[in-house]
Amino acid sequence: ASSALRREMCGLVAAIDDVWGKTSSARSDIAILGEDTMNAASKILHHRGPDGMHVSTGTVGEGETLARWSMGHTRLAIVDPSNRFADMPFNLSFKTKKGDKIIHLAANGEIYNHNQVYKDLVAKEGWNHDRVSGSDCEVIAHAFAQYGGPKTAASLDGMFAFVAFEEDVATGEVKAFAARDPVGIKPLYYGRTKCSNSSDDAAAYVFSSELKALVGHVDPSTVVAIPPGHYWTPEGGLVCYYNPEWLRNDDYAPWEDPNHTVTDDEIREGFTKAVQKRMMSDVEYGFFLSGGVDSCIVSHDLLPLWREERIKLGDDRPLPAYTVGMENSPDVMAARGMVDALGGEKHVEHHVRSFTPDEVFDLVPKIIYHMETYEAELIRSAIPNWLLAERAAQDVKMVLTGEGADEIFAGYLYFQDAENPRQLQNELRRIYGMLGNVNLHRTDRMTMAHGLEARVPFLDTEFTRLAMSVDPAKKMVNREAVKTNSRGREKTFLRELFEGPNSNGDSIPRPVLWRAKAMQCEGVGEDWVSILQRRVSSLVSDAEMDEAHITYPINTPQTKEELYYRRIYDENFHGMEHVVKLWEGGGRAMGAEWKSDMYTREGLRNVGMLRHSLQQARSFSSTAERKLSTATNRSFSSIAVQKFDEEAYGTAIESGYSDFEASLTLGGDDRSIINPSVRTNKYHIKPQPVNPAHVFRGSCTGNPPTQRGYDASKELYEKLVGLEGKDLEVEIRKVFEDQRSRLSKLLNLPEGTEVILCPSGSDAEYIPIAIARALKGDVTIENGVTQLREVGAGTAPASMGQFFSTHAPLMGRLDPDAKVLDGFEGIDGAIIAAREKDGSVVNASEEMDRFVESALAKGAYPIVHGVFGGKTGLRDIKMPGSADCGEKTLGVVDACQARFSLDELHGWLGQDSLVLFTASKFYQAPPFCGAVIVPATIAEKLRSSSTPGHSDMFNSQGLGGFLTDKELPSCLESWSPLLKDDDVSNVGLAFRWEAGLAGMEAIASVPDSVRIDAVNEWAKAVTSMTDAEQALDAWCVQRSIVSIRVKKGDGWLSMSELRDLYRWMSMDVSDLVAGATAEEKDALSKPAYIGQPVDVSESHAIVRIALGVESLLSYVDDNDATLAEDQMVVKKLAAIGKHFNTLKDSGR
């Protein structure tokens, strides 16, 4: 008996009573065998098959062997997509020579030889059962009925995982069988569930494509990943059915036989067949063009086959290709070079998914949930894969990839240290055996998370057999060739095989063919991984790290990055930590028979070796020496550029900016550096004022200079031009003294209050730690920070004394191993999220009270934060003061958005709070310029305090990498000798503060009461005009920031979608939407700059409209004209929301 229910969802789950043990009356308690629970479990896997869901339940056998079964299956329709008979589970009856059989089958994957398997059944076995669909997987059921499970699994050519239940109609005998493809391209897990009486005998077996559908249904300790090339039966457990000589025989060496030959042509022909086989599809497909040699080889063979196929169809459309990476990254530039070599846009429709380090951090929990691993190297590489698959899935349902070449052609850089060919061959066998746990695991999960299928021609079993029968001496790697990017480097044998033109006459460009092997997390951009590692590590305390071996006794995390990932995994898959298979020693290279220093647990030691000639050249030095540049390409009438500033200066000049405009980018971190390929920094900002015809409402994110600020900074620049050495040092000291004085007057600071200038609000986080050391000496410091994800991404790591960027203002590019500032070691604390997963606000002040109580109980000195205005303007309930004038606690108010009244500021200072302030948000200075305002009571204590005992915290790898004595007030005279460096001056900071002070001085004459009333009126008006648009919702309104979510169907645009919207807002996109009304076209034509998207909940993200000093002045002067601009911004937001899909399809 069976019943069926169909839904438009997805997944692969199966369960069956264990009738191979003792029977039990408790079986009725097993929920997963019921239709409703199987539906719920299958629904969890909806991402794997969005084209339809089908659940079947029933019984097989009789008497003591009567077993209930259930199966849920979702279909990503690639072959025969419109035939609903192709939906699984298949429940098919067959008459065979051995009797009547009923087969229940759920399968995942593609069977490339399905037609041949069926033809052999007919020709050799006299099979007379017709196929009910064109599904390639249906043939598994036919073969299973005739041959049984083991022979069926061995006969299949493809990527697959399947579960089959068989009933012999005559005898009632029940069989259960599960199998996974030879390489492990498709995943399959199983576990056992217990009944309410805890009887093992009454347990059922449960199978799933992913762990997440097993959670809550099985005993976690019983979960097993079926290994590649294995099948499972209840009687025999796991059995290996894929046993090629090259993989299983340690003595395999056919190349030693003089009669054994494998020609280059045979290998090339074998690869072409592997590619052609994987073109089997009835839907649109494309390929992943990473820019590495492997994916370029795939495209080299694929494009002629594609064009031949299209000619037969009378269709000359180009082949879709997808690349992911940061602008000018090794992968992106190599991919573009390859597209050009293949004929450009005429033959290849190339889509590049660009990203920045800032956007990947929020993806980590989502990545780990879908990846179902805590292996750090795998998670890092999964992030760009996620972005790539997300983009490709918008257009196609299947892609070909270059995965697997490294495992059969010795493609990793550590192979240069192999001592002999036998070692190399053994290592290839070892890492091939791990593919199902690493590369293929990542490829499957990241593509299937978006309903996209990936195929891997390099891992075709016949092609692999050919490649592994080649003398491994041909695959040996020459260390010197790696250094010189020449023949003999890794994968030379493979590169030379495909050095010639394809059948279209197109060749792989030499810089691409001979570029260094880059793991994808490295090739997509050379610095984002270190930024990610710093950020996630900042969220793990030293105490957690010390207890890691207790908390996680299995595969204990060895770094904070690993512990952070492990913590998220445990939240989702508690008790299943044994399922994850890690690399021995913590990385791929660590388990080799030889030693190599190419990789650490954190990745490739020197990512600089990945650069190639197709990237835009860098005209700067990355050294951290802090001396004046001797570059001769600068004119006399320019500002002195110091070594640590050369990169920022060089990229700005290369981008076409003037010497003055380049100077605005100096003395910052990676966020300020201009990317020459797009001529903006990471905030998409230029060091120039925006066009006066454009609307700017992005002061909550980052600001281009206002015209007022630009002019004021340039006036200062003219005074400093041509000064060097002591002359420059003397003038900058005067400038900073003047700027501190003006800032004090503008904020009407109480007598005795002092100001420390610093490069940014994130850098300002180091100052309270140094002050705590000065006040309390060598005491344990715990730092509590609130509003994670609403404050700057650098806040959390900086509050723990860690570097948060790839660059430091007075050091330039950091050593990749630099983690913690000198003298800032051992800082622990708490980091409190701003919002719950549903977007509701966390009561951070309550959390901080508990943090303070805990820290004091441990004898520690707590630094306590409150945030007065996060990214959406969110304010904590309470702003903490310093208890007992800083003797007991040190209160810090993060007011970096500068959206406060003077009364509020004076209230914080009156309770002895340190106040973090910037002029680069509301006051619209270019990024960035910060300050720490020290209340009079604390300042007086600092005047009388001795130099902090940790003097190393002031050296060039500590606070001296961010400040000199010139930025310090008089209360810190004891610090000055330690930070004094006459050869170092942060001229860029001086220019940016001059711009910020110009904005502050412009609005100084407007009383606080008028400002407050104007802000409230403006926010009310913008909220009203936003809510009047059906596509928009003013989700959160906080003073001068209106946070808006944008509709999409029954939901809202996601973070990734809002990034597109954010980009389109700054462009004229009116010509891309033919169906827009005249009013919509008018709005779409006008560039507007708004606040960057913020991921505020699981259901949606927001963009922001924010007043800055110039727009507030404009509103006070003429509110109608200002609101007309805001109305245009809102109209454009609504129009983009309405026509989002059209704009997306444009590819712009």
# chains A, B, ... in the order shown; residues from 1 in each chain; ligands from 1
call {"tool": "residues_around", "arguments": {"residues": "A:Ser840", "least_positions_apart": "5", "cutoff": "9 Å", "atoms": "only C-alpha atoms", "output": "PyMOL selection string"}}
result
chain A and resi 834-835+1096-1097
call {"tool": "select_by_dssp", "arguments": {"residues": "stretch 786-839 of chain A", "states": "helix (DSSP H, G or I)", "output": "MDAnalysis selection string"}}
result
chainID A and resid 795:799
call {"tool": "write_last_selection", "arguments": {"atoms": "N, CA and C atoms", "output": "compact mmCIF listing (two decimals), in the first residue's frame"}}
result
# COMPACT_ATOMS: atom_id res chain seq x y z
N THR A 795 35.02 47.66 14.88
CA THR A 795 34.87 47.95 16.30
C THR A 795 35.18 46.76 17.18
N ALA A 796 34.60 45.61 16.85
CA ALA A 796 34.76 44.43 17.70
C ALA A 796 36.22 43.99 17.80
N PRO A 797 36.93 43.78 16.66
CA PRO A 797 38.32 43.38 16.80
C PRO A 797 39.19 44.44 17.48
N ALA A 798 38.97 45.73 17.15
CA ALA A 798 39.78 46.78 17.76
C ALA A 798 39.58 46.82 19.27
N SER A 799 38.35 46.58 19.72
CA SER A 799 38.08 46.61 21.16
C SER A 799 38.78 45.49 21.90
call {"tool": "closest_residue", "arguments": {"among": "A:Pro304, A:Ala1088, A:Glu887, A:Ser913", "to": "A:Ala936", "atoms": "only C-alpha atoms"}}
result
A:Ser913
call {"tool": "closest_residue", "arguments": {"among": "A:Asp136, A:Glu269, A:Asp1027, A:Glu372", "to": "A:Phe573", "atoms": "only C-alpha atoms"}}
result
A:Glu372
call {"tool": "residues_around", "arguments": {"residues": "A:Gly404", "least_positions_apart": "5", "cutoff": "10 Å", "atoms": "only C-alpha atoms", "output": "PyMOL selection string"}}
result
chain A and resi 183+294+409+411+431-432+435+439-440+456-460+464
call {"tool": "closest_residue", "arguments": {"among": "A:Pro704, A:Thr323, A:Ser713, A:Pro318", "to": "A:Glu345", "atoms": "only C-alpha atoms"}}
result
A:Pro318
call {"tool": "select_by_dssp", "arguments": {"residues": "stretch 957-1107 of chain A", "states": "strand (DSSP E)", "output": "ChimeraX atom specification"}}
result
/A:1032-1038,1041-1048,1051-1052,1088-1095,1101-1106
call {"tool": "write_last_selection", "arguments": {"atoms": "N, CA, C and O atoms", "output": "short mmCIF file (atom, residue, chain, number, x, y, z; two decimals), in the first residue's frame"}}
result
data_model
loop_
_atom_site.label_atom_id
_atom_site.label_comp_id
_atom_site.auth_asym_id
_atom_site.auth_seq_id
_atom_site.Cartn_x
_atom_site.Cartn_y
_atom_site.Cartn_z
N LEU A 1032 7.68 50.21 -0.71
CA LEU A 1032 8.61 50.60 0.33
C LEU A 1032 7.97 50.56 1.71
O LEU A 1032 6.76 50.68 1.86
N ASP A 1033 8.82 50.40 2.71
CA ASP A 1033 8.36 50.46 4.10
C ASP A 1033 9.45 51.13 4.93
O ASP A 1033 10.60 50.69 4.93
N ALA A 1034 9.09 52.22 5.63
CA ALA A 1034 10.03 52.88 6.53
C ALA A 1034 10.13 52.04 7.80
O ALA A 1034 9.41 52.24 8.76
N TRP A 1035 11.02 51.08 7.77
CA TRP A 1035 11.08 50.02 8.80
C TRP A 1035 11.58 50.54 10.15
O TRP A 1035 11.15 50.09 11.19
N CYS A 1036 12.49 51.49 10.10
CA CYS A 1036 13.07 52.01 11.33
C CYS A 1036 13.43 53.48 11.11
O CYS A 1036 14.08 53.81 10.11
N VAL A 1037 13.00 54.34 12.01
CA VAL A 1037 13.29 55.77 11.89
C VAL A 1037 13.96 56.23 13.17
O VAL A 1037 13.37 56.15 14.26
N GLN A 1038 15.20 56.65 13.06
CA GLN A 1038 15.96 57.10 14.22
C GLN A 1038 16.59 58.45 13.90
O GLN A 1038 17.57 58.54 13.17
N ILE A 1041 18.13 59.37 10.37
CA ILE A 1041 18.32 58.19 9.52
C ILE A 1041 16.99 57.46 9.36
O ILE A 1041 16.37 57.05 10.35
N VAL A 1042 16.54 57.30 8.14
CA VAL A 1042 15.33 56.54 7.83
C VAL A 1042 15.77 55.25 7.13
O VAL A 1042 16.35 55.29 6.04
N SER A 1043 15.51 54.10 7.79
CA SER A 1043 15.90 52.80 7.24
C SER A 1043 14.71 52.19 6.51
O SER A 1043 13.62 52.07 7.09
N ILE A 1044 14.92 51.79 5.28
CA ILE A 1044 13.81 51.40 4.39
C ILE A 1044 14.02 49.99 3.87
O ILE A 1044 15.11 49.63 3.44
N ARG A 1045 12.97 49.19 3.92
CA ARG A 1045 13.01 47.89 3.25
C ARG A 1045 12.16 47.98 1.98
O ARG A 1045 11.20 48.75 1.91
N VAL A 1046 12.55 47.16 1.01
CA VAL A 1046 11.95 47.25 -0.33
C VAL A 1046 11.28 45.93 -0.66
O VAL A 1046 11.87 44.86 -0.53
N LYS A 1047 10.02 45.99 -1.10
CA LYS A 1047 9.23 44.79 -1.35
C LYS A 1047 9.74 43.99 -2.54
O LYS A 1047 10.25 44.53 -3.51
N LYS A 1048 9.55 42.66 -2.41
CA LYS A 1048 9.76 41.75 -3.52
C LYS A 1048 8.74 40.64 -3.38
O LYS A 1048 8.89 39.76 -2.54
N GLY A 1051 7.61 39.15 0.03
CA GLY A 1051 8.68 39.39 0.99
C GLY A 1051 9.40 40.69 0.71
O GLY A 1051 8.82 41.66 0.21
N TRP A 1052 10.70 40.69 1.00
CA TRP A 1052 11.49 41.90 0.89
C TRP A 1052 12.81 41.58 0.20
O TRP A 1052 13.28 40.44 0.24
N ALA A 1088 21.51 59.16 -7.28
CA ALA A 1088 21.34 59.53 -5.87
C ALA A 1088 22.19 58.60 -5.03
O ALA A 1088 22.28 57.40 -5.30
N TYR A 1089 22.80 59.15 -4.01
CA TYR A 1089 23.71 58.38 -3.14
C TYR A 1089 23.04 58.22 -1.78
O TYR A 1089 22.71 59.20 -1.12
N ILE A 1090 22.84 56.96 -1.38
CA ILE A 1090 22.15 56.67 -0.12
C ILE A 1090 23.07 55.85 0.77
O ILE A 1090 24.18 55.49 0.39
N GLY A 1091 22.59 55.52 1.96
CA GLY A 1091 23.36 54.70 2.88
C GLY A 1091 23.39 53.25 2.44
O GLY A 1091 22.39 52.71 1.97
N GLN A 1092 24.56 52.60 2.59
CA GLN A 1092 24.71 51.21 2.17
C GLN A 1092 23.72 50.29 2.87
O GLN A 1092 23.22 50.59 3.95
N PRO A 1093 23.42 49.13 2.25
CA PRO A 1093 22.49 48.18 2.88
C PRO A 1093 23.03 47.66 4.22
O PRO A 1093 24.24 47.57 4.42
N VAL A 1094 22.09 47.31 5.09
CA VAL A 1094 22.43 46.70 6.37
C VAL A 1094 21.56 45.46 6.53
O VAL A 1094 20.34 45.50 6.31
N ASP A 1095 22.17 44.34 6.91
CA ASP A 1095 21.44 43.08 7.10
C ASP A 1095 20.89 43.07 8.52
O ASP A 1095 21.62 42.83 9.47
N ALA A 1101 16.83 42.96 4.58
CA ALA A 1101 17.85 43.96 4.86
C ALA A 1101 17.24 45.33 4.56
O ALA A 1101 16.10 45.42 4.08
N ILE A 1102 17.98 46.38 4.85
CA ILE A 1102 17.45 47.74 4.62
C ILE A 1102 18.51 48.60 3.95
O ILE A 1102 19.70 48.32 4.00
N VAL A 1103 18.05 49.67 3.29
CA VAL A 1103 18.92 50.76 2.86
C VAL A 1103 18.50 51.99 3.64
O VAL A 1103 17.44 52.01 4.27
N ARG A 1104 19.34 53.01 3.58
CA ARG A 1104 19.10 54.15 4.46
C ARG A 1104 19.15 55.49 3.70
O ARG A 1104 19.96 55.65 2.79
N ILE A 1105 18.25 56.38 4.09
CA ILE A 1105 18.32 57.77 3.68
C ILE A 1105 18.71 58.56 4.92
O ILE A 1105 18.04 58.46 5.96
N ALA A 1106 19.81 59.31 4.84
CA ALA A 1106 20.31 59.99 6.04
C ALA A 1106 20.66 61.43 5.73
O ALA A 1106 21.31 61.73 4.73
#
